[in-house]
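This is coords21.cif (mmCIF, C-alpha atoms).
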```cif
data_coords
#
loop_
_atom_site.group_PDB
_atom_site.id
_atom_site.type_symbol
_atom_site.label_atom_id
_atom_site.label_comp_id
_atom_site.auth_asym_id
_atom_site.auth_seq_id
_atom_site.Cartn_x
_atom_site.Cartn_y
_atom_site.Cartn_z
ATOM 1 C CA MET J 786 0.000 0.000 0.000
ATOM 2 C CA ASN J 787 1.770 3.153 -1.079
ATOM 3 C CA GLN J 788 1.205 6.430 0.671
ATOM 4 C CA THR J 789 -1.105 8.073 -1.857
ATOM 5 C CA GLY J 790 -3.238 4.920 -1.995
ATOM 6 C CA ALA J 791 -3.496 4.797 1.794
ATOM 7 C CA ASP J 792 -4.461 8.479 1.813
ATOM 8 C CA ALA J 793 -7.136 7.879 -0.807
ATOM 9 C CA ALA J 794 -8.561 5.003 1.237
ATOM 10 C CA GLN J 795 -8.611 7.107 4.420
ATOM 11 C CA ALA J 796 -10.262 9.986 2.589
ATOM 12 C CA TYR J 797 -12.882 7.596 1.167
ATOM 13 C CA LEU J 798 -13.675 6.151 4.606
ATOM 14 C CA ALA J 799 -13.884 9.636 6.112
ATOM 15 C CA ARG J 800 -16.383 10.722 3.435
ATOM 16 C CA LEU J 801 -18.372 7.519 3.945
ATOM 17 C CA SER J 802 -18.455 8.051 7.688
ATOM 18 C CA ARG J 803 -19.557 11.667 7.258
ATOM 19 C CA ALA J 804 -22.334 10.628 4.883
ATOM 20 C CA LEU J 805 -23.543 8.064 7.449
ATOM 21 C CA ARG J 806 -23.614 10.556 10.346
ATOM 22 C CA PHE J 807 -27.364 10.227 10.969
ATOM 23 C CA LEU J 808 -27.158 6.488 11.595
ATOM 24 C CA PRO J 809 -26.743 5.021 15.088
ATOM 25 C CA ALA J 810 -23.049 5.388 16.034
ATOM 26 C CA GLU J 811 -22.539 1.657 16.484
ATOM 27 C CA ASP J 812 -23.961 0.751 13.060
ATOM 28 C CA ARG J 813 -22.028 3.544 11.416
ATOM 29 C CA ALA J 814 -18.738 2.319 12.888
ATOM 30 C CA ALA J 815 -19.512 -1.272 11.817
ATOM 31 C CA ILE J 816 -20.268 -0.216 8.234
ATOM 32 C CA VAL J 817 -17.070 1.834 7.940
ATOM 33 C CA ALA J 818 -15.029 -1.017 9.493
ATOM 34 C CA GLU J 819 -16.488 -3.522 7.033
ATOM 35 C CA ILE J 820 -15.690 -1.326 4.026
ATOM 36 C CA GLU J 821 -12.180 -0.765 5.414
ATOM 37 C CA SER J 822 -11.795 -4.534 5.728
ATOM 38 C CA HIS J 823 -13.051 -4.958 2.146
ATOM 39 C CA ILE J 824 -10.467 -2.455 0.851
ATOM 40 C CA ALA J 825 -7.705 -4.322 2.689
ATOM 41 C CA ASP J 826 -8.913 -7.680 1.296
ATOM 42 C CA ARG J 827 -9.177 -6.440 -2.268
ATOM 43 C CA THR J 828 -5.733 -4.903 -2.228
ATOM 44 C CA THR J 829 -3.925 -7.796 -0.499
ATOM 45 C CA GLU J 830 -5.727 -11.022 -1.499
ATOM 46 C CA GLY J 831 -7.296 -9.721 -4.663
ATOM 47 C CA GLY J 832 -4.157 -7.891 -5.798
ATOM 48 C CA ASN J 833 -6.160 -4.866 -6.989
ATOM 49 C CA SER J 834 -4.952 -1.296 -6.664
ATOM 50 C CA ILE J 835 -6.598 0.876 -4.061
ATOM 51 C CA PHE J 836 -7.878 3.222 -6.730
ATOM 52 C CA ASP J 837 -9.586 0.386 -8.640
ATOM 53 C CA THR J 838 -11.057 -0.909 -5.393
ATOM 54 C CA LEU J 839 -12.514 2.488 -4.475
ATOM 55 C CA GLU J 840 -13.859 2.983 -7.976
ATOM 56 C CA HIS J 841 -15.701 -0.334 -7.815
ATOM 57 C CA LEU J 842 -17.339 0.692 -4.559
ATOM 58 C CA GLY J 843 -18.727 3.843 -6.161
ATOM 59 C CA GLU J 844 -18.841 7.323 -4.662
ATOM 60 C CA PRO J 845 -18.901 7.110 -0.834
ATOM 61 C CA GLU J 846 -22.033 9.297 -0.694
ATOM 62 C CA ALA J 847 -23.860 6.959 -3.100
ATOM 63 C CA LEU J 848 -22.761 3.934 -1.097
ATOM 64 C CA ALA J 849 -23.960 5.613 2.104
ATOM 65 C CA GLN J 850 -27.282 6.435 0.456
ATOM 66 C CA SER J 851 -28.080 2.775 -0.203
ATOM 67 C CA TYR J 852 -27.556 2.021 3.475
ATOM 68 C CA ILE J 853 -29.485 5.058 4.670
ATOM 69 C CA GLU J 854 -32.684 4.569 2.656
ATOM 70 C CA HIS J 855 -33.459 1.389 4.506
ATOM 71 C CA TYR J 856 -32.612 2.834 7.914
ATOM 72 C CA ARG J 857 -34.599 5.992 7.428
ATOM 73 C CA LEU J 858 -37.829 4.343 6.391
ATOM 74 C CA GLU J 859 -37.516 1.723 9.102
ATOM 75 C CA GLY J 860 -36.730 4.317 11.785
ATOM 76 C CA ALA J 861 -39.466 6.680 10.641
ATOM 77 C CA LEU J 862 -42.085 3.933 10.724
ATOM 78 C CA ALA J 863 -40.904 2.781 14.142
ATOM 79 C CA HIS J 864 -41.195 6.322 15.524
ATOM 80 C CA SER J 865 -44.321 7.236 13.563
ATOM 81 C CA ALA J 866 -42.445 10.112 11.883
ATOM 82 C CA TYR J 867 -44.925 10.510 9.047
ATOM 83 C CA GLY J 868 -43.211 13.576 7.592
ATOM 84 C CA THR J 869 -40.034 11.549 7.087
ATOM 85 C CA VAL J 870 -41.975 8.672 5.555
ATOM 86 C CA LEU J 871 -43.636 11.115 3.158
ATOM 87 C CA VAL J 872 -40.314 12.732 2.143
ATOM 88 C CA THR J 873 -38.773 9.272 1.624
ATOM 89 C CA MET J 874 -41.698 8.232 -0.580
ATOM 90 C CA LEU J 875 -41.431 11.351 -2.718
ATOM 91 C CA GLU J 876 -37.664 10.863 -3.068
ATOM 92 C CA ARG J 877 -38.218 7.303 -4.250
ATOM 93 C CA ALA J 878 -41.090 8.250 -6.522
ATOM 94 C CA SER J 879 -38.877 8.456 -9.612
ATOM 95 C CA ARG J 880 -37.827 4.842 -9.138
ATOM 96 C CA SER J 881 -40.961 3.236 -7.766
ATOM 97 C CA ILE J 882 -44.529 3.579 -9.021
ATOM 98 C CA LEU J 883 -45.774 2.408 -5.642
ATOM 99 C CA ALA J 884 -43.847 5.139 -3.807
ATOM 100 C CA LEU J 885 -45.167 7.695 -6.322
ATOM 101 C CA VAL J 886 -48.793 6.642 -5.795
ATOM 102 C CA ILE J 887 -48.464 6.584 -2.006
ATOM 103 C CA GLY J 888 -46.544 9.881 -1.897
ATOM 104 C CA LEU J 889 -48.997 11.772 -4.107
ATOM 105 C CA GLY J 890 -52.017 10.099 -2.500
ATOM 106 C CA ALA J 891 -50.826 11.127 0.960
ATOM 107 C CA CYS J 892 -50.133 14.718 -0.216
ATOM 108 C CA LEU J 893 -53.628 14.987 -1.693
ATOM 109 C CA THR J 894 -55.255 13.546 1.410
ATOM 110 C CA TYR J 895 -53.291 15.889 3.704
ATOM 111 C CA GLY J 896 -54.429 18.696 1.383
ATOM 112 C CA LEU J 897 -58.064 17.651 1.803
ATOM 113 C CA ALA J 898 -57.603 17.663 5.577
ATOM 114 C CA LEU J 899 -56.367 21.280 5.313
ATOM 115 C CA VAL J 900 -59.322 22.325 3.159
ATOM 116 C CA PHE J 901 -61.865 20.775 5.535
ATOM 117 C CA THR J 902 -60.125 22.422 8.504
ATOM 118 C CA ALA J 903 -60.249 25.785 6.743
ATOM 119 C CA VAL J 904 -63.952 25.316 5.955
ATOM 120 C CA ALA J 905 -64.765 24.548 9.610
ATOM 121 C CA LEU J 906 -62.674 27.473 10.904
ATOM 122 C CA ILE J 907 -63.838 30.150 8.475
ATOM 123 C CA LYS J 908 -67.578 29.415 8.590
ATOM 124 C CA PRO J 909 -68.190 31.303 11.888
ATOM 125 C CA LEU J 910 -66.167 34.305 10.617
ATOM 126 C CA TRP J 911 -67.629 34.538 7.132
ATOM 127 C CA PRO J 912 -70.855 32.546 7.221
ATOM 128 C CA ALA J 913 -72.337 33.579 3.880
ATOM 129 C CA HIS J 914 -69.289 32.530 1.912
ATOM 130 C CA VAL J 915 -68.704 29.034 3.264
ATOM 131 C CA GLY J 916 -71.018 26.156 2.526
ATOM 132 C CA LEU J 917 -72.121 23.133 0.588
ATOM 133 C CA TRP J 918 -74.238 24.290 -2.332
ATOM 134 C CA THR J 919 -76.372 22.230 -4.625
ATOM 135 C CA THR J 920 -78.449 22.456 -7.779
ATOM 136 C CA GLU J 921 -80.333 19.591 -9.382
ATOM 137 C CA ARG J 922 -77.193 17.774 -10.397
ATOM 138 C CA THR J 923 -74.111 19.385 -8.910
ATOM 139 C CA PHE J 924 -72.562 19.836 -5.498
ATOM 140 C CA SER J 925 -69.902 22.352 -4.624
ATOM 141 C CA LEU J 926 -68.198 22.631 -1.281
ATOM 142 C CA GLY J 927 -65.895 25.335 -0.169
ATOM 143 C CA ILE J 928 -65.077 28.937 0.544
ATOM 144 C CA VAL J 929 -66.154 31.361 -2.186
ATOM 145 C CA ASP J 930 -66.227 35.104 -2.810
ATOM 146 C CA ASN J 931 -69.752 35.110 -4.209
ATOM 147 C CA PRO J 932 -72.017 32.200 -3.393
ATOM 148 C CA PRO J 933 -73.297 30.777 -6.685
ATOM 149 C CA PRO J 934 -76.694 32.286 -7.538
ATOM 150 C CA GLY J 935 -79.657 29.963 -7.756
ATOM 151 C CA MET J 936 -78.040 27.312 -5.625
ATOM 152 C CA ARG J 937 -79.268 26.032 -2.338
ATOM 153 C CA GLU J 938 -76.950 25.827 0.660
ATOM 154 C CA LEU J 939 -77.457 22.533 2.482
ATOM 155 C CA LEU J 940 -75.580 22.432 5.744
ATOM 156 C CA GLY J 941 -75.682 25.857 7.412
ATOM 157 C CA TYR J 942 -73.635 25.752 10.594
ATOM 158 C CA TRP J 943 -73.610 21.944 10.480
ATOM 159 C CA ILE J 944 -70.700 22.445 8.101
ATOM 160 C CA ILE J 945 -68.473 23.109 11.139
ATOM 161 C CA PRO J 946 -68.749 19.624 12.722
ATOM 162 C CA PHE J 947 -68.931 18.112 9.227
ATOM 163 C CA GLY J 948 -65.689 19.871 8.209
ATOM 164 C CA ALA J 949 -63.966 18.971 11.468
ATOM 165 C CA ILE J 950 -64.847 15.278 11.186
ATOM 166 C CA ALA J 951 -63.885 15.147 7.500
ATOM 167 C CA ALA J 952 -60.571 16.880 8.337
ATOM 168 C CA ILE J 953 -59.777 14.345 11.056
ATOM 169 C CA LEU J 954 -60.714 11.411 8.826
ATOM 170 C CA SER J 955 -58.552 12.716 5.952
ATOM 171 C CA TYR J 956 -55.631 13.317 8.305
ATOM 172 C CA LEU J 957 -55.876 9.817 9.788
ATOM 173 C CA GLY J 958 -56.372 8.377 6.302
ATOM 174 C CA ALA J 959 -53.165 9.992 5.011
ATOM 175 C CA ARG J 960 -51.215 8.611 7.979
ATOM 176 C CA LYS J 961 -52.697 5.147 7.482
ATOM 177 C CA MET J 962 -51.729 5.320 3.801
ATOM 178 C CA LEU J 963 -48.132 6.249 4.673
ATOM 179 C CA ARG J 964 -47.810 3.577 7.345
ATOM 180 C CA PHE J 965 -49.269 0.827 5.192
ATOM 181 C CA GLY J 966 -47.428 1.901 2.027
ATOM 182 C CA GLY J 967 -44.172 2.450 3.923
ATOM 183 C CA LYS J 968 -44.250 -1.109 5.198
ATOM 184 C CA ILE J 969 -44.800 -2.496 1.705
ATOM 185 C CA VAL J 970 -41.995 -0.388 0.238
ATOM 186 C CA LEU J 971 -39.729 -1.420 3.112
ATOM 187 C CA ARG J 972 -40.528 -5.097 2.550
ATOM 188 C CA LYS J 973 -39.646 -4.726 -1.104
ATOM 189 C CA GLY J 974 -36.228 -3.663 0.090
ATOM 190 C CA VAL J 975 -33.696 -1.087 -0.874
ATOM 191 C CA ARG J 976 -33.730 -0.484 -4.563
ATOM 192 C CA LYS J 977 -30.309 0.754 -5.408
ATOM 193 C CA ALA J 978 -30.252 3.176 -8.297
ATOM 194 C CA MET I 1396 -29.811 -0.855 -28.310
ATOM 195 C CA ASP I 1397 -28.532 -0.099 -24.830
ATOM 196 C CA ILE I 1398 -29.529 -2.948 -22.540
ATOM 197 C CA ALA I 1399 -27.514 -1.708 -19.540
ATOM 198 C CA PRO I 1400 -30.526 -0.499 -17.497
ATOM 199 C CA TRP I 1401 -32.353 -3.777 -18.100
ATOM 200 C CA LEU I 1402 -29.261 -5.785 -17.175
ATOM 201 C CA SER I 1403 -28.851 -3.742 -14.009
ATOM 202 C CA GLN I 1404 -32.453 -4.506 -12.957
ATOM 203 C CA LEU I 1405 -31.868 -8.185 -13.663
ATOM 204 C CA ARG I 1406 -28.765 -8.228 -11.458
ATOM 205 C CA LYS I 1407 -30.504 -6.301 -8.730
ATOM 206 C CA GLY I 1408 -33.260 -8.902 -8.585
ATOM 207 C CA ALA I 1409 -30.754 -11.743 -8.599
ATOM 208 C CA ALA I 1410 -28.379 -10.388 -5.939
ATOM 209 C CA GLU I 1411 -30.392 -11.389 -2.869
ATOM 210 C CA LEU I 1412 -30.808 -15.022 -3.971
ATOM 211 C CA VAL I 1413 -27.136 -15.222 -4.988
ATOM 212 C CA VAL I 1414 -25.954 -13.942 -1.592
ATOM 213 C CA LEU I 1415 -28.264 -16.268 0.366
ATOM 214 C CA ALA I 1416 -27.120 -19.238 -1.769
ATOM 215 C CA ILE I 1417 -23.423 -18.508 -1.205
ATOM 216 C CA VAL I 1418 -23.758 -17.934 2.535
ATOM 217 C CA SER I 1419 -25.852 -21.135 2.844
ATOM 218 C CA ARG I 1420 -22.758 -23.123 1.799
ATOM 219 C CA GLY I 1421 -20.750 -21.926 4.800
ATOM 220 C CA ASP I 1422 -19.748 -18.835 6.776
ATOM 221 C CA CYS I 1423 -17.989 -16.240 4.667
ATOM 222 C CA TYR I 1424 -17.037 -12.568 4.478
ATOM 223 C CA GLY I 1425 -17.665 -9.902 1.851
ATOM 224 C CA LEU I 1426 -14.845 -10.530 -0.598
ATOM 225 C CA GLN I 1427 -15.441 -14.299 -0.548
ATOM 226 C CA ILE I 1428 -19.092 -13.680 -1.417
ATOM 227 C CA LEU I 1429 -18.109 -11.342 -4.269
ATOM 228 C CA GLU I 1430 -15.604 -13.821 -5.671
ATOM 229 C CA ALA I 1431 -18.070 -16.709 -5.490
ATOM 230 C CA ALA I 1432 -20.821 -14.579 -7.045
ATOM 231 C CA ASN I 1433 -18.780 -13.229 -9.926
ATOM 232 C CA THR I 1434 -16.694 -16.219 -11.083
ATOM 233 C CA ALA I 1435 -18.815 -16.763 -14.182
ATOM 234 C CA GLY I 1436 -19.718 -13.121 -14.870
ATOM 235 C CA ASP I 1437 -20.624 -9.890 -13.139
ATOM 236 C CA ILE I 1438 -23.659 -10.496 -10.960
ATOM 237 C CA VAL I 1439 -23.119 -8.558 -7.720
ATOM 238 C CA SER I 1440 -21.078 -5.344 -7.614
ATOM 239 C CA ASP I 1441 -18.911 -4.360 -4.631
ATOM 240 C CA GLY I 1442 -20.981 -1.270 -3.931
ATOM 241 C CA ALA I 1443 -24.251 -3.207 -4.003
ATOM 242 C CA LEU I 1444 -23.129 -6.133 -1.841
ATOM 243 C CA TYR I 1445 -22.424 -4.413 1.461
ATOM 244 C CA PRO I 1446 -25.689 -2.469 1.804
ATOM 245 C CA LEU I 1447 -27.489 -5.687 0.817
ATOM 246 C CA LEU I 1448 -25.670 -7.663 3.536
ATOM 247 C CA ASN I 1449 -26.586 -4.932 5.999
ATOM 248 C CA ARG I 1450 -30.258 -5.148 5.050
ATOM 249 C CA LEU I 1451 -30.350 -8.956 5.142
ATOM 250 C CA GLU I 1452 -28.818 -8.844 8.613
ATOM 251 C CA LYS I 1453 -31.319 -6.216 9.820
ATOM 252 C CA ASP I 1454 -34.155 -8.323 8.400
ATOM 253 C CA GLY I 1455 -32.923 -11.334 10.387
ATOM 254 C CA LYS I 1456 -31.902 -13.422 7.363
ATOM 255 C CA LEU I 1457 -28.180 -13.311 8.208
ATOM 256 C CA SER I 1458 -26.201 -13.137 11.429
ATOM 257 C CA SER I 1459 -22.654 -11.839 11.630
ATOM 258 C CA ARG I 1460 -19.547 -11.891 13.791
ATOM 259 C CA TRP I 1461 -16.188 -10.152 13.591
ATOM 260 C CA VAL I 1462 -13.198 -12.481 13.355
ATOM 261 C CA THR I 1463 -9.535 -11.530 13.651
ATOM 262 C CA ASP I 1464 -7.279 -14.315 12.405
ATOM 263 C CA ASP I 1465 -3.643 -14.184 13.419
ATOM 264 C CA GLY I 1466 -1.817 -11.478 11.601
ATOM 265 C CA SER I 1467 -4.741 -10.241 9.516
ATOM 266 C CA HIS I 1468 -7.257 -7.445 9.838
ATOM 267 C CA PRO I 1469 -10.714 -8.065 11.332
ATOM 268 C CA ARG I 1470 -13.307 -9.486 8.945
ATOM 269 C CA LYS I 1471 -17.064 -9.622 9.243
ATOM 270 C CA TYR I 1472 -18.320 -13.176 8.686
ATOM 271 C CA TYR I 1473 -21.921 -13.897 7.790
ATOM 272 C CA ARG I 1474 -24.034 -16.959 8.502
ATOM 273 C CA LEU I 1475 -27.545 -17.876 7.405
ATOM 274 C CA THR I 1476 -30.154 -17.752 10.184
ATOM 275 C CA LYS I 1477 -33.085 -20.179 10.364
ATOM 276 C CA GLU I 1478 -35.302 -17.513 8.832
ATOM 277 C CA GLY I 1479 -32.701 -16.895 6.126
ATOM 278 C CA ALA I 1480 -32.560 -20.599 5.299
ATOM 279 C CA ALA I 1481 -36.348 -20.723 4.950
ATOM 280 C CA THR I 1482 -36.320 -17.606 2.733
ATOM 281 C CA PHE I 1483 -33.553 -19.111 0.599
ATOM 282 C CA ALA I 1484 -35.488 -22.387 0.115
ATOM 283 C CA THR I 1485 -38.641 -20.495 -0.933
ATOM 284 C CA MET I 1486 -36.729 -18.175 -3.264
ATOM 285 C CA LEU I 1487 -34.882 -21.104 -4.817
ATOM 286 C CA ASP I 1488 -38.158 -22.891 -5.648
ATOM 287 C CA ALA I 1489 -39.540 -19.694 -7.129
ATOM 288 C CA TRP I 1490 -36.347 -19.156 -9.134
ATOM 289 C CA VAL I 1491 -36.392 -22.687 -10.617
ATOM 290 C CA ALA I 1492 -40.029 -22.277 -11.634
ATOM 291 C CA PHE I 1493 -39.287 -18.834 -13.086
ATOM 292 C CA ARG I 1494 -36.251 -20.053 -15.018
ATOM 293 C CA THR I 1495 -38.194 -22.978 -16.492
ATOM 294 C CA ALA I 1496 -41.051 -20.717 -17.522
ATOM 295 C CA MET I 1497 -38.668 -18.166 -19.066
ATOM 296 C CA SER I 1498 -36.697 -20.788 -21.007
ATOM 297 C CA GLY I 1499 -39.914 -22.223 -22.379
ATOM 298 C CA VAL I 1500 -40.966 -18.825 -23.677
ATOM 299 C CA VAL I 1501 -37.850 -17.016 -24.825
ATOM 300 C CA GLU I 1502 -35.334 -19.676 -25.828
ATOM 301 C CA ILE I 1503 -37.371 -21.475 -28.487
ATOM 302 C CA LYS I 1504 -35.860 -21.164 -31.949
ATOM 303 C CA GLN I 1505 -38.276 -21.262 -34.867
#
```
Spit out the file's structure as structure tokens when you get a sec.
Amino acid sequence: MNQTGADAAQAYLARLSRALRFLPAEDRAAIVAEIESHIADRTTEGGNSIFDTLEHLGEPEALAQSYIEHYRLEGALAHSAYGTVLVTMLERASRSILALVIGLGACLTYGLALVFTAVALIKPLWPAHVGLWTTERTFSLGIVDNPPPGMRELLGYWIIPFGAIAAILSYLGARKMLRFGGKIVLRKGVRKA
Amino acid sequence: MDIAPWLSQLRKGAAELVVLAIVSRGDCYGLQILEAANTAGDIVSDGALYPLLNRLEKDGKLSSRWVTDDGSHPRKYYRLTKEGAATFATMLDAWVAFRTAMSGVVEIKQ
């Protein structure tokens, strides 16, 4: 092992370790030690140069990323960190249709929860402009500048409990979707790009 | 036509079965697994193996221990767990059925 090679290996391991900084310290040390052991094996037994060995491992940040994806989803599900699950899904969306569907579905459902919350909150402040209107064939729900002429408003102040319940159901639904989808994506394993 | 992305997907799907098969034959460490996997062609890359081993261990399919032989650096040895052996047997059956079905469809010459 010549000096420049040893330096390159140390620099690689340092970058790997830095990229793994959010993992539990014990796991992080074990991963770095295993890669260090691999480099030593490749260069002694395998007779490869250090530079070839490092090139075959790929960029340290990319290597770290394939470890982290699994950890993050697993940890987020274990701690019910739904925001992290959602971000992970959206990050994976370009590689997994399932993650795309779950990510967008959860965003939409969280969005619905916001709309229903807004409806319930604004009704007492601006009663004439919030409601569920109907004609013969159509329904429209929401907050409007000018209530549509010729339409009948159905709920009155009942829209407040209705909006609150719908908001809670949407919120719980989005979380359920993320938990259930996260477990499926986790079971399918890390898909390395 | 560039078949590299397709080939990469194929390898990715194969890697888990290949690793379980090699470890089922006896305890071994990373480089031994890579050498056994890639004797007849590139199947598992260095950068893909270690995160895969990590995941298989976390999922309870493999167990590991660090061994320092005299005069060498520490190495992480893997062994198949009971759950890993069961997974391997199921995957192997599925693979044989898949291979037979594929051969029957794509390898027929008119």
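Neighbours of Gly1421 in chain I closer than or equal to 12 Å, with all atoms listed in the file counted and sequence neighbours fewer than 4 positions away skipped, come out as Val1414, Leu1415, Ala1416, Ile1417, Gln1427, Ile1428, Ala1431, Leu1457, Tyr1472, Tyr1473, Arg1474, Leu1475, Thr1476 and Ala1480 of chain I.
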Next, write the just-selected residues to a file, as a short mmCIF file (atom, residue, chain, number, x, y, z; two decimals), in the frame of the given file, keeping C-alpha atoms as the atom set.
```cif
data_model
loop_
_atom_site.label_atom_id
_atom_site.label_comp_id
_atom_site.auth_asym_id
_atom_site.auth_seq_id
_atom_site.Cartn_x
_atom_site.Cartn_y
_atom_site.Cartn_z
CA VAL I 1414 -25.95 -13.94 -1.59
CA LEU I 1415 -28.26 -16.27 0.37
CA ALA I 1416 -27.12 -19.24 -1.77
CA ILE I 1417 -23.42 -18.51 -1.20
CA GLN I 1427 -15.44 -14.30 -0.55
CA ILE I 1428 -19.09 -13.68 -1.42
CA ALA I 1431 -18.07 -16.71 -5.49
CA LEU I 1457 -28.18 -13.31 8.21
CA TYR I 1472 -18.32 -13.18 8.69
CA TYR I 1473 -21.92 -13.90 7.79
CA ARG I 1474 -24.03 -16.96 8.50
CA LEU I 1475 -27.54 -17.88 7.40
CA THR I 1476 -30.15 -17.75 10.18
CA ALA I 1480 -32.56 -20.60 5.30
#
```
Considering all atoms listed in the file, can you say which of I:Glu1411, I:Glu1502, I:Asp1441, I:Asp1488 comes closest to Leu839 in chain J? I:Asp1441
Could you give me, as JSON lines, every chain J residue with an atom at most 7 Å from chain I, plus its closest atom pair and distance in Å to one decimal, counting only C-alpha atoms, rows ordered by chain then number?
```
{"residue": "J:Glu819", "atom": "CA", "partner": "I:Lys1471", "partner_atom": "CA", "distance": 6.5}
{"residue": "J:Ser822", "atom": "CA", "partner": "I:Arg1470", "partner_atom": "CA", "distance": 6.1}
{"residue": "J:His823", "atom": "CA", "partner": "I:Leu1426", "partner_atom": "CA", "distance": 6.5}
{"residue": "J:Asp826", "atom": "CA", "partner": "I:Leu1426", "partner_atom": "CA", "distance": 6.8}
{"residue": "J:His841", "atom": "CA", "partner": "I:Asp1441", "partner_atom": "CA", "distance": 6.1}
{"residue": "J:Leu842", "atom": "CA", "partner": "I:Gly1442", "partner_atom": "CA", "distance": 4.2}
{"residue": "J:Gly843", "atom": "CA", "partner": "I:Gly1442", "partner_atom": "CA", "distance": 6.0}
{"residue": "J:Leu848", "atom": "CA", "partner": "I:Gly1442", "partner_atom": "CA", "distance": 6.2}
{"residue": "J:Ser851", "atom": "CA", "partner": "I:Pro1446", "partner_atom": "CA", "distance": 6.1}
{"residue": "J:Tyr852", "atom": "CA", "partner": "I:Pro1446", "partner_atom": "CA", "distance": 5.1}
```
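For the pair CA of Thr894 in chain J and CA of Thr869 in chain J, the separation is 16.4 Å.
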Run the PyMOL selection byres ((chain J and resi 898-900) around 12) on the file and write out the hits as a ChimeraX atom specification. /J:891-897,901-907,915,926-928,947-960
Could you list as a PyMOL selection string every residue that has an atom within 6 Å of (-19.9, 4.7, 6.9), using the file's coordinates and counting all atoms listed in the file? chain J and resi 801-802+805+813+816-817
The PyMOL selection byres ((chain I and resi 1486) around 12) - which residues does that actually catch in the file I just gave you? List them as a PyMOL selection string. chain I and resi 1408-1416+1479-1485+1487-1494
Within 12 Å of Leu963 in chain J, counting all atoms listed in the file, which residues qualify if same-chain residues fewer than 6 places away don't, as a CSV table (one decimal) with C-alpha atoms, keeping the file's coordinate frame?
```csv
chain,number,residue,atom,x,y,z
J,858,LEU,CA,-37.8,4.3,6.4
J,861,ALA,CA,-39.5,6.7,10.6
J,862,LEU,CA,-42.1,3.9,10.7
J,865,SER,CA,-44.3,7.2,13.6
J,866,ALA,CA,-42.4,10.1,11.9
J,867,TYR,CA,-44.9,10.5,9.0
J,868,GLY,CA,-43.2,13.6,7.6
J,869,THR,CA,-40.0,11.5,7.1
J,870,VAL,CA,-42.0,8.7,5.6
J,871,LEU,CA,-43.6,11.1,3.2
J,872,VAL,CA,-40.3,12.7,2.1
J,873,THR,CA,-38.8,9.3,1.6
J,874,MET,CA,-41.7,8.2,-0.6
J,875,LEU,CA,-41.4,11.4,-2.7
J,883,LEU,CA,-45.8,2.4,-5.6
J,884,ALA,CA,-43.8,5.1,-3.8
J,885,LEU,CA,-45.2,7.7,-6.3
J,886,VAL,CA,-48.8,6.6,-5.8
J,887,ILE,CA,-48.5,6.6,-2.0
J,888,GLY,CA,-46.5,9.9,-1.9
J,889,LEU,CA,-49.0,11.8,-4.1
J,890,GLY,CA,-52.0,10.1,-2.5
J,891,ALA,CA,-50.8,11.1,1.0
J,892,CYS,CA,-50.1,14.7,-0.2
J,894,THR,CA,-55.3,13.5,1.4
J,895,TYR,CA,-53.3,15.9,3.7
J,956,TYR,CA,-55.6,13.3,8.3
J,957,LEU,CA,-55.9,9.8,9.8
J,969,ILE,CA,-44.8,-2.5,1.7
J,970,VAL,CA,-42.0,-0.4,0.2
J,971,LEU,CA,-39.7,-1.4,3.1
```
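Between CA of Glu844 in chain J and CA of Gly1455 in chain I there is a distance of 27.8 Å.
Relative to CA of Ala810 in chain J, CA of Gln795 in chain J is found at 18.6 Å.
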Chain and number of each residue from the PyMOL selection byres ((chain J and resi 834) around 12), as a compact mmCIF listing (two decimals) with C-alpha atoms, keeping the file's coordinate frame:
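Result written to expr.txt:
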```txt
# COMPACT_ATOMS: atom_id res chain seq x y z
CA MET J 786 0.00 0.00 0.00
CA ASN J 787 1.77 3.15 -1.08
CA THR J 789 -1.10 8.07 -1.86
CA GLY J 790 -3.24 4.92 -2.00
CA ALA J 791 -3.50 4.80 1.79
CA ALA J 793 -7.14 7.88 -0.81
CA ALA J 794 -8.56 5.00 1.24
CA ILE J 824 -10.47 -2.46 0.85
CA ALA J 825 -7.70 -4.32 2.69
CA ASP J 826 -8.91 -7.68 1.30
CA ARG J 827 -9.18 -6.44 -2.27
CA THR J 828 -5.73 -4.90 -2.23
CA THR J 829 -3.92 -7.80 -0.50
CA GLU J 830 -5.73 -11.02 -1.50
CA GLY J 831 -7.30 -9.72 -4.66
CA GLY J 832 -4.16 -7.89 -5.80
CA ASN J 833 -6.16 -4.87 -6.99
CA ILE J 835 -6.60 0.88 -4.06
CA PHE J 836 -7.88 3.22 -6.73
CA ASP J 837 -9.59 0.39 -8.64
CA THR J 838 -11.06 -0.91 -5.39
CA LEU J 839 -12.51 2.49 -4.47
CA GLU J 840 -13.86 2.98 -7.98
CA HIS J 841 -15.70 -0.33 -7.82
```
Do a neighbour search on Ala804 in chain J at 10 Å with all atoms listed in the file, toss out local chain neighbours closer than 2 positions, and write the hits as number ranges by chain. J: 798-802, 806-808, 813, 845-850, 853
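Using all atoms listed in the file, the protein and nucleic acid residues lying no more than 8 Å from His914 in chain J, apart from those fewer than 5 places from it along its own chain, are Lys908, Ile928, Val929, Asp930, Asn931 and Pro932 of chain J.
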Edge lengths and centre in Å, axis-aligned, range 1427-1435 of chain I plus 3 Å each side, as JSON:
```
{"center_x": -18.1, "center_y": -14.1, "center_z": -7.4, "size_x": 11.4, "size_y": 11.4, "size_z": 19.6}
```
